[in-house]
Amino acid sequence: MTILLALTGVFNNCLVASVVWRTKQMKNSTNFLLANNAIAEVFYLVTSAPVTAYLVLHRARFITSATSVFLSNFLDFLVLMHTLLFCVTTMNLALLSIERYNALCNPMKIQRRLGKRGTKFCVLTMWLLAAILVLPVAINFIMVEGFVVIEIFIYFCFMKGILTIITGCVVVYCYGRIIYGIYISKTIFTQTSCATIADDMKTKKNVVKMLLSITFTFLFAKLPVASYRAIMLYLGSSTPSEKDGIIFAAHTLGHASSFLNPIIYLLFSSNYRQGALRLLKSCSLNKVSNLPPTQQQARDYLK
């Protein structure tokens with residue numbers, strides 16, 4: 001089940017990034033950030049594969065003691081990789097809420113909006129900052145060969161906790177103001193012709209629903225996994241077989257979150273649906289055009 005979710009999630013998230021990259025009308029700050037989130041999900045799913053394989057082989061007793069020690073140290077480094085991706089996704093969700101808040105609640109303050117260049121700079125900054133935050137734990141792993149001292153463990157939990165709290169406050173404030181402006185005070189609107197006001201408001205509501213769905217999926221799926229992973233970082237990855245079920249369930253929950261995000265894009269974004277259909281059709285046409293010509297096609301060509 002978890003392997004199927006991972007494979008489907010990799011394909012779906014790669015499709016999201018490809019649609020944003022190849023569709024002109026999708027190239028805006030919100031979609032760039034969604035593509036960045038999709039890329040982080042792909043890395044998460046790909047790096048989770050060794051963990052799933054380890055658990056399956058460990059249950060089947062195909063792993064020797066020496067191999068188990070090597071793999072447990074390798075899985076500790078995967079914890080660091082997943083933590084880096086967790087930090088990137090968390091900051092990405094916060095920046096998405098700020099960008100939507102400025103676009104809907106402060107439409108006249110154009111200087112607050114992110115352009116294409118500003119969004120790319122923010123994406124690079126997020127990855128660099130996440131790497132810096134994880135660096136002390138990585139240095140500890142290298143220096144003491146996988147053992148985590150209590151000071152590093154406290155830093156690890158404090159860093160993830162503070163980052164989650166700040167992101168939570170930003171998301172609650174921004175989306176709270178947006179929901180209040182759309183549904184209660186009715187102050188968020190576009191001064192266009194009457195025929196387009198309803199469609200414009202529907203589009204804005206769908207974008208807000210999509211981003212809220214992504215945020216809640218992250219909250220209920222990735223956050224428990226990250227908390228459990230912090231505990232396993234201190235206790236070590238070479239756990240007894242009776243705890244393998246908990247680890248397997250945690251990774252399945254994380255894979256389900258990565259699988260659901262592209263489905264949410266399909267449900268709420270008509271631009272993404274159309275872009276994905278065009279991309280899939282172009283790929284199928286390219287495959288057909290690369291096939292060798294039939295005898296009848298050769299005759300038609302000679303005529």
# chains A, B, ... in the order shown; residues from 1 in each chain; ligands from 1
>>> residues_around(residues="A:Ile39", least_positions_apart="2", cutoff="10 Å", atoms="only C-alpha atoms", output="JSON, numbers by chain")
{"A": [10, 13, 14, 16, 17, 33, 34, 35, 36, 37, 41, 42, 43, 44, 45, 85, 89]}
>>> write_last_selection(atoms="all heavy atoms", output="compact mmCIF listing (two decimals), in the first residue's frame")
# COMPACT_ATOMS: atom_id res chain seq x y z
N VAL A 10 4.98 10.26 -6.48
CA VAL A 10 6.11 10.79 -7.25
C VAL A 10 5.65 11.25 -8.62
O VAL A 10 6.00 12.35 -9.09
CB VAL A 10 7.21 9.71 -7.37
CG1 VAL A 10 8.25 10.13 -8.40
CG2 VAL A 10 7.89 9.49 -6.03
N ASN A 13 3.31 14.48 -8.27
CA ASN A 13 4.03 15.70 -7.91
C ASN A 13 4.97 16.15 -9.01
O ASN A 13 5.16 17.36 -9.21
CB ASN A 13 4.80 15.48 -6.60
CG ASN A 13 3.91 15.52 -5.38
OD1 ASN A 13 3.47 16.58 -4.95
ND2 ASN A 13 3.61 14.36 -4.81
N CYS A 14 5.57 15.20 -9.74
CA CYS A 14 6.37 15.58 -10.90
C CYS A 14 5.49 16.24 -11.97
O CYS A 14 5.91 17.19 -12.64
CB CYS A 14 7.06 14.36 -11.49
SG CYS A 14 8.45 13.74 -10.50
N VAL A 16 2.83 18.03 -11.33
CA VAL A 16 2.55 19.40 -10.86
C VAL A 16 3.69 20.35 -11.25
O VAL A 16 3.46 21.42 -11.82
CB VAL A 16 2.35 19.41 -9.33
CG1 VAL A 16 2.29 20.84 -8.80
CG2 VAL A 16 1.08 18.67 -8.95
N ALA A 17 4.93 19.96 -10.95
CA ALA A 17 6.07 20.81 -11.29
C ALA A 17 6.19 21.01 -12.80
O ALA A 17 6.51 22.12 -13.27
CB ALA A 17 7.35 20.19 -10.73
N LEU A 33 5.41 28.52 -5.81
CA LEU A 33 5.54 27.98 -4.46
C LEU A 33 4.90 26.60 -4.36
O LEU A 33 5.41 25.73 -3.65
CB LEU A 33 4.89 28.94 -3.46
CG LEU A 33 5.62 30.29 -3.28
CD1 LEU A 33 4.83 31.21 -2.37
CD2 LEU A 33 7.02 30.09 -2.71
N LEU A 34 3.78 26.39 -5.06
CA LEU A 34 3.17 25.06 -5.08
C LEU A 34 4.09 24.05 -5.77
O LEU A 34 4.18 22.90 -5.35
CB LEU A 34 1.82 25.12 -5.78
CG LEU A 34 0.70 25.85 -5.02
CD1 LEU A 34 -0.55 25.93 -5.88
CD2 LEU A 34 0.39 25.18 -3.70
N ALA A 35 4.77 24.48 -6.83
CA ALA A 35 5.73 23.60 -7.51
C ALA A 35 6.91 23.28 -6.59
O ALA A 35 7.41 22.14 -6.59
CB ALA A 35 6.23 24.26 -8.79
N ASN A 36 7.35 24.25 -5.82
CA ASN A 36 8.42 24.01 -4.86
C ASN A 36 7.98 22.98 -3.81
O ASN A 36 8.75 22.10 -3.42
CB ASN A 36 8.83 25.32 -4.18
CG ASN A 36 9.95 25.14 -3.19
OD1 ASN A 36 11.00 24.59 -3.49
ND2 ASN A 36 9.72 25.61 -1.96
N ASN A 37 6.73 23.09 -3.37
CA ASN A 37 6.19 22.12 -2.43
C ASN A 37 6.14 20.73 -3.05
O ASN A 37 6.45 19.72 -2.40
CB ASN A 37 4.79 22.56 -2.00
CG ASN A 37 4.24 21.72 -0.87
OD1 ASN A 37 4.67 21.81 0.27
ND2 ASN A 37 3.27 20.88 -1.18
N GLU A 41 8.05 17.25 -1.94
CA GLU A 41 7.34 15.99 -1.74
C GLU A 41 7.99 14.85 -2.54
O GLU A 41 8.05 13.71 -2.06
CB GLU A 41 5.88 16.15 -2.16
CG GLU A 41 5.08 17.15 -1.33
CD GLU A 41 4.81 16.67 0.08
OE1 GLU A 41 5.26 15.56 0.45
OE2 GLU A 41 4.14 17.39 0.82
N VAL A 42 8.47 15.14 -3.74
CA VAL A 42 9.15 14.11 -4.54
C VAL A 42 10.41 13.64 -3.82
O VAL A 42 10.66 12.43 -3.72
CB VAL A 42 9.49 14.66 -5.94
CG1 VAL A 42 10.41 13.69 -6.68
CG2 VAL A 42 8.22 14.90 -6.75
N PHE A 43 11.20 14.57 -3.30
CA PHE A 43 12.40 14.20 -2.56
C PHE A 43 12.04 13.37 -1.33
O PHE A 43 12.73 12.40 -0.98
CB PHE A 43 13.18 15.44 -2.13
CG PHE A 43 14.05 16.00 -3.22
CD1 PHE A 43 13.82 17.26 -3.74
CD2 PHE A 43 15.12 15.28 -3.72
CE1 PHE A 43 14.61 17.79 -4.73
CE2 PHE A 43 15.93 15.79 -4.73
CZ PHE A 43 15.67 17.05 -5.24
N TYR A 44 10.95 13.75 -0.66
CA TYR A 44 10.52 13.00 0.52
C TYR A 44 10.15 11.56 0.16
O TYR A 44 10.56 10.61 0.85
CB TYR A 44 9.33 13.70 1.18
CG TYR A 44 8.71 12.91 2.29
CD1 TYR A 44 9.27 12.89 3.56
CD2 TYR A 44 7.55 12.15 2.08
CE1 TYR A 44 8.72 12.15 4.59
CE2 TYR A 44 6.99 11.41 3.10
CZ TYR A 44 7.57 11.41 4.35
OH TYR A 44 7.02 10.67 5.36
N LEU A 45 9.39 11.40 -0.92
CA LEU A 45 8.96 10.07 -1.31
C LEU A 45 10.14 9.21 -1.77
O LEU A 45 10.22 8.02 -1.45
CB LEU A 45 7.92 10.18 -2.43
CG LEU A 45 6.57 10.78 -2.02
CD1 LEU A 45 5.72 11.05 -3.25
CD2 LEU A 45 5.83 9.85 -1.07
N LEU A 85 13.48 18.64 4.51
CA LEU A 85 12.28 18.79 3.68
C LEU A 85 11.10 19.31 4.51
O LEU A 85 10.27 20.07 4.00
CB LEU A 85 11.93 17.45 3.03
CG LEU A 85 12.99 16.90 2.07
CD1 LEU A 85 12.61 15.50 1.61
CD2 LEU A 85 13.18 17.82 0.88
N THR A 89 9.06 22.69 3.56
CA THR A 89 7.61 22.67 3.38
C THR A 89 6.92 23.61 4.35
O THR A 89 5.96 24.31 3.99
CB THR A 89 7.08 21.25 3.55
OG1 THR A 89 7.78 20.36 2.68
CG2 THR A 89 5.59 21.18 3.23
